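**Q** Data: entry.cif, mmCIF, C-alpha atoms.
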data_structure
loop_
_atom_site.label_atom_id
_atom_site.label_comp_id
_atom_site.auth_asym_id
_atom_site.auth_seq_id
_atom_site.Cartn_x
_atom_site.Cartn_y
_atom_site.Cartn_z
CA MET A 961 5.32 17.04 -21.09
CA GLY A 962 6.45 17.62 -24.67
CA LEU A 963 4.27 19.05 -27.36
CA GLU A 964 4.26 15.74 -29.25
CA ALA A 965 3.11 13.81 -26.18
CA LEU A 966 0.31 16.32 -25.70
CA ALA A 967 -0.70 15.95 -29.32
CA LEU A 968 -0.73 12.17 -28.96
CA LEU A 969 -2.83 12.39 -25.82
CA GLY A 970 -5.23 14.67 -27.62
CA ARG A 971 -5.51 12.32 -30.57
CA LYS A 972 -6.16 9.38 -28.26
CA ALA A 973 -8.86 11.25 -26.41
CA ILE A 974 -10.54 12.16 -29.67
CA GLU A 975 -10.30 8.56 -30.88
CA ASN A 976 -11.83 7.27 -27.66
CA ALA A 977 -14.61 9.80 -27.78
CA ARG A 978 -15.26 8.95 -31.40
CA PHE A 979 -15.35 5.27 -30.57
CA THR A 980 -17.76 5.72 -27.69
CA ALA A 981 -19.94 8.01 -29.76
CA GLY A 982 -19.82 5.46 -32.55
CA VAL A 983 -21.01 2.69 -30.29
CA PHE A 984 -23.87 4.75 -28.93
CA PHE A 985 -24.81 5.89 -32.41
CA CYS A 986 -24.92 2.28 -33.59
CA VAL A 987 -26.99 1.23 -30.62
CA LEU A 988 -29.40 4.09 -31.18
CA ALA A 989 -29.65 3.35 -34.89
CA ALA A 990 -30.25 -0.30 -34.19
CA ALA A 991 -32.89 0.49 -31.59
CA LEU A 992 -34.70 2.78 -34.00
CA SER A 993 -34.58 0.36 -36.91
CA GLY A 994 -35.78 -2.50 -34.75
CA CYS A 995 -33.50 -4.69 -32.71
CA ALA A 996 -33.91 -7.69 -34.96
CA SER A 997 -30.93 -6.54 -37.01
CA LEU A 998 -28.76 -6.40 -33.89
CA VAL A 999 -29.65 -9.90 -32.69
CA PRO A 1000 -30.89 -11.65 -35.85
CA GLN A 1001 -30.64 -15.20 -34.53
CA THR A 1002 -32.58 -14.40 -31.38
CA ALA A 1003 -35.26 -12.77 -33.52
CA GLU A 1004 -35.45 -15.98 -35.54
CA LEU A 1005 -35.68 -18.12 -32.39
CA ARG A 1006 -38.56 -15.96 -31.20
CA GLU A 1007 -40.59 -17.07 -34.22
CA GLY A 1008 -40.92 -20.49 -32.63
CA LEU A 1009 -39.07 -23.30 -30.91
CA PRO A 1010 -37.04 -25.22 -33.54
CA ASP A 1011 -38.06 -28.84 -34.13
CA GLY A 1012 -36.85 -31.43 -31.70
CA LEU A 1013 -35.75 -29.02 -28.97
CA PRO A 1014 -37.21 -29.29 -25.46
CA ARG A 1015 -38.55 -26.05 -23.95
CA GLN A 1016 -36.24 -26.29 -20.96
CA VAL A 1017 -32.88 -27.93 -20.38
CA GLU A 1018 -30.46 -27.72 -17.50
CA LEU A 1019 -27.37 -29.89 -17.21
CA LYS A 1020 -27.29 -29.76 -13.44
CA ASN A 1021 -24.38 -32.11 -12.93
CA VAL A 1022 -21.91 -30.00 -14.91
CA PRO A 1023 -19.42 -28.89 -12.25
CA PHE A 1024 -18.49 -25.30 -11.53
CA TYR A 1025 -15.03 -23.82 -11.16
CA PRO A 1026 -15.02 -20.13 -10.31
CA GLN A 1027 -12.30 -18.44 -12.33
CA LEU A 1028 -9.18 -16.88 -10.87
CA ASP A 1029 -7.82 -13.60 -12.24
CA TYR A 1030 -8.03 -13.56 -16.06
CA GLN A 1031 -8.23 -17.33 -16.10
CA CYS A 1032 -11.69 -17.96 -17.44
CA GLY A 1033 -10.13 -20.13 -20.19
CA PRO A 1034 -8.83 -22.87 -17.87
CA ALA A 1035 -11.98 -22.60 -15.71
CA ALA A 1036 -14.35 -22.95 -18.68
CA LEU A 1037 -12.33 -25.83 -20.08
CA ALA A 1038 -12.26 -27.70 -16.76
CA THR A 1039 -16.02 -27.20 -16.47
CA ALA A 1040 -16.68 -28.64 -19.94
CA LEU A 1041 -14.21 -31.53 -19.68
CA ASP A 1042 -15.20 -32.59 -16.17
CA ALA A 1043 -18.82 -32.83 -17.28
CA PHE A 1044 -17.62 -36.10 -18.85
CA GLY A 1045 -15.53 -37.20 -15.88
CA ALA A 1046 -12.15 -35.91 -17.06
CA ASN A 1047 -11.25 -34.99 -13.49
CA LEU A 1048 -9.13 -31.91 -14.22
CA THR A 1049 -8.84 -28.70 -12.26
CA PRO A 1050 -8.39 -25.24 -13.79
CA GLU A 1051 -4.97 -25.14 -12.11
CA GLN A 1052 -3.92 -28.19 -14.12
CA LEU A 1053 -5.12 -26.55 -17.35
CA VAL A 1054 -3.43 -23.20 -16.77
CA PRO A 1055 -0.09 -24.41 -18.22
CA GLU A 1056 -1.96 -25.78 -21.25
CA VAL A 1057 -4.04 -22.78 -22.32
CA TYR A 1058 -3.10 -19.67 -20.37
CA LEU A 1059 -0.72 -17.11 -21.91
CA PRO A 1060 0.66 -14.90 -19.12
CA GLU A 1061 1.70 -11.97 -21.33
CA ARG A 1062 -1.70 -11.89 -23.01
CA LYS A 1063 -3.51 -12.40 -19.69
CA GLY A 1064 -5.88 -14.79 -21.39
CA SER A 1065 -6.36 -17.90 -23.52
CA LEU A 1066 -6.42 -18.15 -27.32
CA GLN A 1067 -9.27 -19.91 -29.14
CA VAL A 1068 -6.88 -22.28 -30.95
CA GLU A 1069 -5.44 -23.42 -27.64
CA MET A 1070 -8.89 -23.97 -26.16
CA LEU A 1071 -9.47 -26.35 -29.08
CA ALA A 1072 -6.05 -27.98 -28.84
CA ALA A 1073 -5.88 -28.68 -25.09
CA PRO A 1074 -8.74 -31.24 -24.82
CA ARG A 1075 -6.85 -33.47 -27.28
CA ARG A 1076 -4.13 -33.87 -24.65
CA HIS A 1077 -6.77 -35.52 -22.46
CA GLY A 1078 -8.21 -37.91 -25.01
CA MET A 1079 -11.17 -35.70 -25.93
CA VAL A 1080 -12.26 -34.54 -29.39
CA SER A 1081 -12.69 -30.77 -29.83
CA TYR A 1082 -15.24 -29.48 -32.30
CA LEU A 1083 -15.91 -25.93 -33.40
CA LEU A 1084 -19.67 -25.48 -33.76
CA ALA A 1085 -21.25 -23.79 -36.76
CA PRO A 1086 -21.97 -20.13 -35.88
CA ARG A 1087 -25.65 -20.76 -35.17
CA PHE A 1088 -27.57 -20.13 -31.95
CA VAL A 1089 -29.84 -23.10 -32.60
CA ASP A 1090 -26.80 -25.40 -32.83
CA LEU A 1091 -25.67 -24.20 -29.41
CA LEU A 1092 -29.12 -25.04 -28.02
CA ARG A 1093 -29.13 -28.45 -29.73
CA GLU A 1094 -25.78 -29.41 -28.23
CA VAL A 1095 -26.86 -28.35 -24.76
CA ALA A 1096 -30.11 -30.28 -25.17
CA ALA A 1097 -28.06 -33.35 -26.14
CA GLY A 1098 -26.11 -33.10 -22.88
CA ASN A 1099 -22.99 -31.42 -24.27
CA PRO A 1100 -21.91 -28.25 -22.45
CA VAL A 1101 -20.85 -25.56 -24.94
CA ILE A 1102 -17.93 -23.17 -24.42
CA VAL A 1103 -18.62 -19.77 -25.99
CA LEU A 1104 -16.43 -16.72 -26.48
CA GLN A 1105 -18.14 -13.46 -25.59
CA ASN A 1106 -16.94 -9.90 -25.65
CA LEU A 1107 -18.31 -8.10 -22.62
CA GLY A 1108 -16.27 -4.94 -22.97
CA LEU A 1109 -16.03 -2.08 -25.42
CA SER A 1110 -13.08 -3.54 -27.29
CA ASP A 1111 -11.05 -6.15 -25.42
CA GLY A 1112 -13.44 -7.75 -22.94
CA TRP A 1113 -13.05 -11.30 -24.23
CA HIS A 1114 -14.51 -13.93 -21.96
CA TYR A 1115 -15.15 -17.69 -22.10
CA ALA A 1116 -18.31 -19.05 -20.51
CA VAL A 1117 -20.01 -22.45 -20.59
CA ALA A 1118 -23.65 -22.83 -21.65
CA VAL A 1119 -25.29 -25.59 -19.59
CA GLY A 1120 -28.99 -25.00 -20.19
CA TYR A 1121 -31.74 -22.71 -21.35
CA ASP A 1122 -35.36 -21.84 -20.75
CA TYR A 1123 -37.09 -21.06 -24.02
CA ASP A 1124 -40.16 -19.54 -22.38
CA THR A 1125 -38.27 -16.95 -20.39
CA GLY A 1126 -35.67 -16.63 -23.19
CA ASP A 1127 -32.72 -17.25 -20.88
CA LEU A 1128 -29.49 -19.10 -21.42
CA LEU A 1129 -28.00 -20.75 -18.31
CA MET A 1130 -24.25 -20.50 -17.98
CA ARG A 1131 -21.30 -21.22 -15.77
CA SER A 1132 -19.48 -17.92 -16.16
CA GLY A 1133 -16.62 -16.27 -14.31
CA VAL A 1134 -17.47 -16.43 -10.61
CA THR A 1135 -21.18 -17.07 -11.19
CA GLU A 1136 -22.30 -20.67 -10.90
CA ARG A 1137 -25.70 -20.22 -12.54
CA GLU A 1138 -25.87 -17.13 -14.70
CA GLN A 1139 -29.16 -16.46 -16.44
CA LEU A 1140 -28.40 -14.51 -19.56
CA ASN A 1141 -31.14 -13.30 -21.85
CA PHE A 1142 -30.91 -14.76 -25.39
CA ALA A 1143 -30.66 -11.28 -26.92
CA VAL A 1144 -27.98 -10.11 -24.51
CA HIS A 1145 -26.04 -13.30 -25.05
CA GLU A 1146 -26.25 -12.96 -28.81
CA PHE A 1147 -25.13 -9.35 -28.61
CA VAL A 1148 -21.93 -10.24 -26.73
CA TRP A 1149 -21.42 -13.56 -28.53
CA ALA A 1150 -21.80 -12.25 -32.09
CA ARG A 1151 -18.69 -10.17 -31.56
CA SER A 1152 -16.53 -13.32 -31.60
CA GLY A 1153 -18.22 -14.42 -34.82
CA TYR A 1154 -20.49 -16.72 -32.76
CA TRP A 1155 -17.48 -18.78 -31.65
CA ALA A 1156 -18.55 -21.92 -29.79
CA MET A 1157 -16.98 -25.31 -29.17
CA VAL A 1158 -17.64 -28.64 -27.51
CA ALA A 1159 -15.07 -31.15 -26.24
CA LEU A 1160 -16.42 -34.69 -26.12
CA PRO A 1161 -15.14 -38.13 -25.14
CA PRO A 1162 -14.31 -40.28 -28.19
CA ASP A 1163 -17.47 -42.39 -27.96
CA ARG A 1164 -19.75 -39.37 -28.48
CA ILE A 1165 -20.63 -37.34 -31.58
CA PRO A 1166 -21.94 -33.77 -31.42
CA VAL A 1167 -25.59 -33.75 -32.55
CA THR A 1168 -24.85 -30.89 -34.93
CA ALA A 1169 -21.66 -32.51 -36.28
CA ASP A 1170 -20.83 -32.10 -39.95
CA GLU A 1171 -19.43 -35.37 -41.30
CA ASN A 1172 -16.20 -34.01 -42.76
CA ARG A 1173 -15.47 -31.51 -40.00
CA TRP A 1174 -16.03 -34.14 -37.30
CA LEU A 1175 -13.67 -36.50 -39.11
CA ALA A 1176 -11.02 -33.75 -39.22
CA ALA A 1177 -11.59 -33.21 -35.48
CA ILE A 1178 -10.84 -36.89 -34.82
CA ALA A 1179 -7.79 -36.81 -37.10
CA ALA A 1180 -6.54 -33.88 -34.99
CA LEU A 1181 -6.79 -36.06 -31.88
CA GLU A 1182 -5.02 -38.92 -33.68
CA ARG A 1183 -2.28 -36.53 -34.75
CA THR A 1184 -1.31 -35.92 -31.12
CA GLY A 1185 -0.40 -39.59 -30.86
CA ASP A 1186 -3.43 -40.76 -28.86
CA ALA A 1187 -4.17 -43.83 -30.98
CA ARG A 1188 -6.31 -45.55 -28.35
CA ASN A 1189 -8.90 -42.78 -28.11
CA ALA A 1190 -8.67 -42.10 -31.86
CA ARG A 1191 -9.54 -45.75 -32.47
CA THR A 1192 -12.67 -45.41 -30.35
CA ALA A 1193 -13.61 -42.15 -32.08
CA TYR A 1194 -13.20 -43.54 -35.61
CA ALA A 1195 -15.17 -46.66 -34.71
CA THR A 1196 -18.00 -44.49 -33.31
CA PHE A 1197 -17.84 -42.33 -36.44
CA LEU A 1198 -18.18 -45.36 -38.71
CA GLU A 1199 -21.28 -46.55 -36.84
CA ARG A 1200 -22.94 -43.30 -37.88
CA TRP A 1201 -21.33 -42.86 -41.35
CA PRO A 1202 -20.36 -46.41 -42.40
CA GLN A 1203 -19.59 -45.44 -46.01
CA ASN A 1204 -16.83 -42.95 -45.17
CA VAL A 1205 -13.58 -44.31 -46.64
CA ASN A 1206 -11.36 -41.71 -44.96
CA ALA A 1207 -12.69 -42.73 -41.55
CA ALA A 1208 -11.82 -46.34 -42.36
CA VAL A 1209 -8.30 -45.17 -43.22
CA GLY A 1210 -8.19 -43.41 -39.85
CA LEU A 1211 -9.42 -46.46 -37.95
CA ALA A 1212 -6.86 -48.66 -39.71
CA ASN A 1213 -4.07 -46.17 -38.96
CA ALA A 1214 -5.03 -46.20 -35.27
CA TYR A 1215 -5.02 -50.02 -35.22
CA HIS A 1216 -1.68 -50.00 -37.05
CA ARG A 1217 -0.09 -47.68 -34.52
CA LEU A 1218 -1.36 -49.85 -31.68
CA GLY A 1219 0.25 -52.85 -33.36
CA GLU A 1220 -3.13 -54.46 -34.11
CA LEU A 1221 -2.21 -55.28 -37.70
CA PRO A 1222 -4.83 -57.97 -38.46
CA GLN A 1223 -7.61 -55.54 -37.45
CA ALA A 1224 -6.05 -52.80 -39.59
CA GLU A 1225 -5.90 -55.23 -42.52
CA LYS A 1226 -9.56 -56.20 -42.09
CA VAL A 1227 -10.73 -52.58 -42.10
CA LEU A 1228 -8.60 -51.71 -45.14
CA ARG A 1229 -9.75 -54.75 -47.11
CA ALA A 1230 -13.36 -53.76 -46.55
CA ALA A 1231 -12.53 -50.18 -47.58
CA ALA A 1232 -10.75 -51.42 -50.72
CA GLN A 1233 -13.97 -53.17 -51.74
CA ARG A 1234 -15.85 -49.89 -51.52
CA ALA A 1235 -13.11 -47.69 -52.96
CA PRO A 1236 -11.00 -49.88 -55.27
CA ASP A 1237 -9.10 -46.86 -56.67
CA SER A 1238 -8.16 -45.15 -53.40
CA VAL A 1239 -4.38 -44.74 -53.40
CA VAL A 1240 -4.39 -44.24 -49.64
CA VAL A 1241 -6.38 -47.42 -48.92
CA LEU A 1242 -4.28 -49.51 -51.33
CA ASN A 1243 -0.97 -48.09 -50.11
CA ASN A 1244 -1.81 -48.57 -46.45
CA LEU A 1245 -3.15 -52.07 -47.07
CA ALA A 1246 0.07 -52.99 -48.89
CA GLN A 1247 2.14 -51.58 -46.03
CA THR A 1248 0.06 -53.40 -43.41
CA LEU A 1249 0.46 -56.72 -45.23
CA SER A 1250 4.19 -56.11 -45.65
CA ASP A 1251 4.50 -55.32 -41.94
CA GLN A 1252 3.06 -58.76 -41.26
CA GLY A 1253 5.78 -60.30 -43.45
CA ARG A 1254 3.41 -60.95 -46.36
CA ASP A 1255 5.26 -58.98 -49.04
CA ALA A 1256 4.18 -61.20 -51.95
CA GLU A 1257 0.56 -60.57 -51.03
CA ALA A 1258 1.28 -56.86 -50.52
CA LEU A 1259 2.92 -56.19 -53.90
CA PRO A 1260 -0.23 -56.32 -56.11
CA PHE A 1261 -1.92 -53.72 -53.85
CA ALA A 1262 1.19 -51.52 -54.01
CA GLU A 1263 1.15 -51.83 -57.83
CA ARG A 1264 -2.49 -50.79 -57.92
CA ALA A 1265 -1.75 -47.84 -55.61
CA VAL A 1266 1.00 -46.58 -57.95
CA ALA A 1267 -1.22 -47.08 -61.00
CA ALA A 1268 -4.01 -45.01 -59.45
CA GLY A 1269 -1.82 -41.86 -59.37
CA GLY A 1270 -2.89 -38.67 -57.61
CA PRO A 1271 -1.31 -36.54 -54.88
CA PHE A 1272 -0.08 -39.54 -52.86
CA SER A 1273 1.61 -41.35 -55.73
CA ASP A 1274 5.11 -40.55 -54.42
CA ALA A 1275 4.32 -42.28 -51.14
CA ALA A 1276 2.85 -45.22 -53.05
CA ARG A 1277 5.99 -45.54 -55.18
CA GLU A 1278 8.14 -45.58 -52.03
CA THR A 1279 5.99 -48.27 -50.48
CA ARG A 1280 6.21 -50.36 -53.65
CA SER A 1281 9.99 -50.12 -53.92
CA ALA A 1282 10.41 -50.99 -50.23
CA ILE A 1283 8.26 -54.09 -50.75
CA GLN A 1284 10.16 -55.00 -53.92
CA GLN A 1285 13.47 -54.67 -52.08
CA ARG A 1286 12.27 -56.91 -49.30
CA LEU A 1287 11.05 -59.48 -51.80
CA SER A 1288 14.34 -59.53 -53.70
CA GLY A 1289 16.19 -59.75 -50.38
CA LYS A 1290 14.12 -62.79 -49.49
CA ALA A 1291 14.76 -64.32 -52.93
CA ARG A 1292 18.54 -63.98 -52.44
CA ASN A 1293 18.51 -65.63 -49.03
CA MET B 1064 30.71 -30.83 -44.64
CA LYS B 1065 30.76 -31.21 -40.89
CA ALA B 1066 28.63 -28.09 -40.57
CA VAL B 1067 26.05 -29.49 -42.97
CA VAL B 1068 25.80 -32.74 -41.02
CA CYS B 1069 25.48 -30.82 -37.76
CA ARG B 1070 22.73 -28.65 -39.17
CA LEU B 1071 20.92 -31.68 -40.49
CA LEU B 1072 21.11 -33.39 -37.11
CA ILE B 1073 19.77 -30.31 -35.35
CA VAL B 1074 16.89 -30.12 -37.78
CA LEU B 1075 16.09 -33.80 -37.30
CA MET B 1076 16.26 -33.52 -33.51
CA ALA B 1077 14.00 -30.50 -33.45
CA TRP B 1078 11.62 -32.21 -35.82
CA THR B 1079 11.21 -35.49 -33.96
CA PRO B 1080 8.74 -34.49 -31.22
CA PHE B 1081 6.32 -33.06 -33.79
CA GLN B 1082 6.29 -36.04 -36.08
CA TYR B 1083 4.37 -39.22 -35.40
CA ALA B 1084 4.24 -40.64 -38.92
CA GLN B 1085 4.34 -44.41 -39.25
CA ALA B 1086 6.74 -45.71 -41.86
CA GLY B 1087 4.97 -46.35 -45.14
CA MET B 1088 1.48 -45.45 -43.92
CA ILE B 1089 -0.22 -42.34 -45.30
CA GLY B 1090 -1.46 -40.40 -42.26
CA THR B 1091 -5.13 -39.63 -41.69
CA ASP B 1092 -4.45 -35.94 -41.15
CA GLN B 1093 -2.94 -35.78 -44.64
CA VAL B 1094 -6.02 -37.47 -46.08
CA VAL B 1095 -8.62 -35.26 -44.44
CA ALA B 1096 -6.65 -32.10 -45.23
CA SER B 1097 -7.43 -30.51 -48.55
CA ALA B 1098 -5.38 -31.50 -51.58
CA THR B 1099 -3.43 -28.25 -51.62
CA GLN B 1100 -2.36 -28.71 -48.02
CA ALA B 1101 -1.25 -32.27 -48.68
CA GLU B 1102 1.05 -31.01 -51.41
CA ARG B 1103 2.82 -28.62 -49.10
CA SER B 1104 6.03 -30.11 -47.85
CA THR B 1105 6.40 -31.25 -44.26
CA ILE B 1106 9.36 -28.88 -44.02
CA VAL B 1107 6.96 -25.94 -44.21
CA ASN B 1108 4.92 -27.40 -41.37
CA PHE B 1109 8.00 -28.07 -39.32
CA VAL B 1110 9.21 -24.50 -39.71
CA SER B 1111 5.92 -22.94 -38.70
CA ARG B 1112 5.49 -25.27 -35.71
CA ALA B 1113 8.89 -24.32 -34.35
CA ASP B 1114 8.12 -20.67 -35.10
CA VAL B 1115 4.78 -20.73 -33.31
CA ALA B 1116 6.32 -22.51 -30.32
CA GLY B 1117 8.89 -19.71 -30.17
CA GLN B 1118 6.18 -17.06 -30.43
CA LEU B 1119 4.14 -18.66 -27.63
CA GLN B 1120 7.28 -18.76 -25.53
CA SER B 1121 7.67 -15.01 -25.93
CA PHE B 1122 4.27 -14.58 -24.25
CA GLY B 1123 5.56 -15.97 -20.99
CA ILE B 1124 5.68 -19.76 -21.04
CA ASP B 1125 8.73 -22.02 -21.06
CA ALA B 1126 10.13 -23.84 -24.10
CA SER B 1127 9.00 -27.39 -23.36
CA ASN B 1128 5.54 -26.17 -22.41
CA ALA B 1129 5.32 -24.24 -25.69
CA LYS B 1130 6.37 -27.30 -27.66
CA ASP B 1131 3.73 -29.50 -25.98
CA ARG B 1132 1.05 -26.92 -26.67
CA VAL B 1133 1.95 -26.65 -30.34
CA ALA B 1134 2.06 -30.44 -30.63
CA ALA B 1135 -1.67 -30.56 -29.75
CA MET B 1136 -2.55 -28.29 -32.70
CA THR B 1137 -3.39 -29.22 -36.27
CA ASP B 1138 -1.34 -27.86 -39.18
CA ASP B 1139 -4.18 -25.46 -39.98
CA GLU B 1140 -4.24 -24.16 -36.42
CA VAL B 1141 -0.48 -23.65 -36.45
CA ARG B 1142 -0.67 -21.68 -39.70
CA TYR B 1143 -3.58 -19.67 -38.32
CA LEU B 1144 -1.63 -18.68 -35.19
CA ALA B 1145 1.71 -17.94 -36.84
CA GLY B 1146 2.60 -14.30 -36.40
CA ARG B 1147 -0.82 -13.27 -35.12
CA ILE B 1148 -0.82 -14.25 -31.45
CA ASP B 1149 -0.71 -10.64 -30.36
CA SER B 1150 -3.76 -9.56 -32.34
CA MET B 1151 -6.09 -12.46 -31.53
CA PRO B 1152 -8.78 -12.42 -28.88
CA ALA B 1153 -7.55 -13.86 -25.60
CA GLY B 1154 -10.46 -14.77 -23.36
CA ALA B 1155 -9.81 -13.38 -19.90
CA ASN B 1156 -12.28 -11.93 -17.47
CA GLY B 1157 -14.45 -9.68 -19.56
CA ALA B 1158 -13.58 -6.25 -18.23
CA GLY B 1159 -16.01 -3.46 -19.04
CA LEU B 1160 -19.10 -5.43 -18.13
CA VAL B 1161 -20.70 -2.45 -16.41
CA LEU B 1162 -20.66 -0.28 -19.50
CA LEU B 1163 -22.03 -3.11 -21.57
CA ILE B 1164 -24.91 -3.64 -19.17
CA VAL B 1165 -25.81 0.03 -19.61
CA ILE B 1166 -25.81 -0.32 -23.40
CA VAL B 1167 -27.86 -3.48 -23.28
CA ALA B 1168 -30.30 -1.93 -20.83
CA VAL B 1169 -30.85 0.93 -23.28
CA ILE B 1170 -31.59 -1.52 -26.11
CA TRP B 1171 -33.87 -3.49 -23.87
CA TRP B 1172 -35.80 -0.47 -22.71
CA VAL B 1173 -36.32 0.75 -26.28
CA TRP B 1174 -37.40 -2.69 -27.44
CA LYS B 1175 -39.84 -3.46 -24.62
CA ARG B 1176 -41.56 -0.07 -24.81
#
Give the structure from this file in structure tokens form.
**A**
Amino acid sequence: MGLEALALLGRKAIENARFTAGVFFCVLAAALSGCASLVPQTAELREGLPDGLPRQVELKNVPFYPQLDYQCGPAALATALDAFGANLTPEQLVPEVYLPERKGSLQVEMLAAPRRHGMVSYLLAPRFVDLLREVAAGNPVIVLQNLGLSDGWHYAVAVGYDYDTGDLLMRSGVTEREQLNFAVHEFVWARSGYWAMVALPPDRIPVTADENRWLAAIAALERTGDARNARTAYATFLERWPQNVNAAVGLANAYHRLGELPQAEKVLRAAAQRAPDSVVVLNNLAQTLSDQGRDAEALPFAERAVAAGGPFSDAARETRSAIQQRLSGKARN
Amino acid sequence: MKAVVCRLLIVLMAWTPFQYAQAGMIGTDQVVASATQAERSTIVNFVSRADVAGQLQSFGIDASNAKDRVAAMTDDEVRYLAGRIDSMPAGANGAGLVLLIVIVAVIWWVWKR
């Protein structure tokens, strides 16, 4: 062995020792200064059960798929999706989320894959109480924990809790019903920045959903080309937030892609009443009318869209000139 | 000239599977994205999608699989992944559990005392 290799080995050993010492020092410091700083959200939960949460919840009919080597991603995803009858096995999800050379699954891909099965993925806010609220509402929550010193990343699915014993119930790895203390869970979960997600069928809304972020989650499903499920999701969204103009645009776009032009027109007309200056609503209404062969009716809306300006004015100008061309073509014939 | 046309055709062919826009309709994903994102050209998105598909491929999956996986992502997710796949957490099986249990047990013991 060369001198350089020895030096490298020595450096590594020192680094490792430093790291281990660092961890123990932190733990000791935290223990001495009170553990609340180490698990702040658990400390807050201990103050009292948040409003509206039952003391105990267990989603017993969430299935369990024990993970194969390194494949907790596909197993956790199958567990969460099949809770809503998706009927997928981890083996089917391996080619969708598993990265062989990383021996694991990336968070982005965990969010992306459910969209390929007509489900809406939603990243929860990094709050323990939100996790509990989703579970209490019947939505299993996938969390990313770090169980190792540095690279022990692991997906598990929260399916229940018992507030009185302070335990979270999880489907995790090869354990069907893992009872994990709130504090222990927070300790390993905080290391991913409290990363947690749900994947729901399009007729459900997460109880902790933020209006704009949930809309973006539906748009992400629509983007994959699944107009049928996007239509359901936008319609469900509008039942809860009827004033949201962007959701109306989404619903109309889904109708449009499915060839249901009269329905798209109806939604856009109603939206144009509420938001008479929305370039997007006016442009898409003009296009929808034009697609039904009603260019003369479409032109005034296209004119209004161009007049309104803004970041989509180029698209509006294109729509207007296409309509004008069609009209002049008709006039010549 | 021929070369330009060829290049253009290749670009268009590569682009097609990622693009679902309906003629004349402004897409919902453009609307819900922030204004700055909407102003970025689709060419930028196309480049990073193809790039990320290529990067995923280099971690052991085949080309068509990589393309399908990228197609399920949002523009934001694609940008987030680009060039960073190697450094991101990849949930696996949580090695090192034993050591962690020891650490947690120490905390627990101190706290309960």
**Q** Would you pick out the contacts of Phe1142 in chain A at 7 Å or less, using all atoms listed in the file, so that residues sharing its chain but fewer than 6 positions from it are not included, and give the list as a ChimeraX atom specification?
**A** /A:1002,1126-1128
**Q** Show me, as number ranges by chain, the residues that have an atom within 10 Å of Leu1005 in chain A when counting all atoms listed in the file, minus same-chain residues fewer than 5 positions from it.
**A** A: 1000, 1010, 1088-1089, 1123, 1126, 1142
**Q** Name the residues that the PyMOL selection byres ((chain A and resi 1116) around 8) picks from the file above, as a list of chain:residue names, using the file's chain letters and numbers.
**A** A:Cys1032, A:Ala1036, A:Ile1102, A:Val1103, A:Leu1104, A:Gln1105, A:His1114, A:Tyr1115, A:Val1117, A:Ala1118, A:Met1130, A:Arg1131, A:Ser1132, A:Gly1133
**Q** Run through the PyMOL selection byres ((chain A and resi 1024) around 9) on the given coordinates and return the selected residues as a list in words.
**A** Val1022, Pro1023, Tyr1025, Pro1026, Ala1035, Ala1036, Ala1038, Thr1039, Arg1131, Ser1132, Val1134, Thr1135, Glu1136 and Arg1137 of chain A
**Q** As a list of chain:residue names, please: the residues near Ser1127 in chain B (cut-off 12 Å, all atoms listed in the file, same-chain neighbours under 6 positions excluded).
**A**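 Listing them by chain and then by number gives A:Pro1055, A:Glu1056, B:Ala1077, B:Pro1080, B:Ala1113, B:Ala1116, B:Gly1117, B:Leu1119, B:Gln1120, B:Val1133, B:Ala1134.
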**Q** Can you give me N, CA and C atoms for range 1116-1124 of chain B, written as a PDB file, keeping the file's coordinate frame?
**A**
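Written output follows (rebuild-v4.pdb):
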ATOM      1  N   ALA B1116       5.884 -22.172 -31.676  1.00  0.00           N
ATOM      2  CA  ALA B1116       6.320 -22.510 -30.320  1.00  0.00           C
ATOM      3  C   ALA B1116       7.168 -21.368 -29.754  1.00  0.00           C
ATOM      4  N   GLY B1117       8.050 -20.836 -30.591  1.00  0.00           N
ATOM      5  CA  GLY B1117       8.890 -19.710 -30.170  1.00  0.00           C
ATOM      6  C   GLY B1117       8.059 -18.479 -29.845  1.00  0.00           C
ATOM      7  N   GLN B1118       7.035 -18.228 -30.676  1.00  0.00           N
ATOM      8  CA  GLN B1118       6.180 -17.060 -30.430  1.00  0.00           C
ATOM      9  C   GLN B1118       5.400 -17.212 -29.127  1.00  0.00           C
ATOM     10  N   LEU B1119       4.873 -18.420 -28.889  1.00  0.00           N
ATOM     11  CA  LEU B1119       4.140 -18.660 -27.630  1.00  0.00           C
ATOM     12  C   LEU B1119       5.066 -18.418 -26.444  1.00  0.00           C
ATOM     13  N   GLN B1120       6.293 -18.908 -26.590  1.00  0.00           N
ATOM     14  CA  GLN B1120       7.280 -18.760 -25.530  1.00  0.00           C
ATOM     15  C   GLN B1120       7.463 -17.293 -25.158  1.00  0.00           C
ATOM     16  N   SER B1121       7.444 -16.428 -26.186  1.00  0.00           N
ATOM     17  CA  SER B1121       7.670 -15.010 -25.930  1.00  0.00           C
ATOM     18  C   SER B1121       6.498 -14.371 -25.181  1.00  0.00           C
ATOM     19  N   PHE B1122       5.393 -15.108 -25.045  1.00  0.00           N
ATOM     20  CA  PHE B1122       4.270 -14.580 -24.250  1.00  0.00           C
ATOM     21  C   PHE B1122       4.247 -15.151 -22.840  1.00  0.00           C
ATOM     22  N   GLY B1123       5.410 -15.667 -22.402  1.00  0.00           N
ATOM     23  CA  GLY B1123       5.560 -15.970 -20.990  1.00  0.00           C
ATOM     24  C   GLY B1123       5.428 -17.419 -20.567  1.00  0.00           C
ATOM     25  N   ILE B1124       5.654 -18.365 -21.485  1.00  0.00           N
ATOM     26  CA  ILE B1124       5.680 -19.760 -21.040  1.00  0.00           C
ATOM     27  C   ILE B1124       7.029 -20.363 -21.421  1.00  0.00           C
TER      28      ILE B1124
END
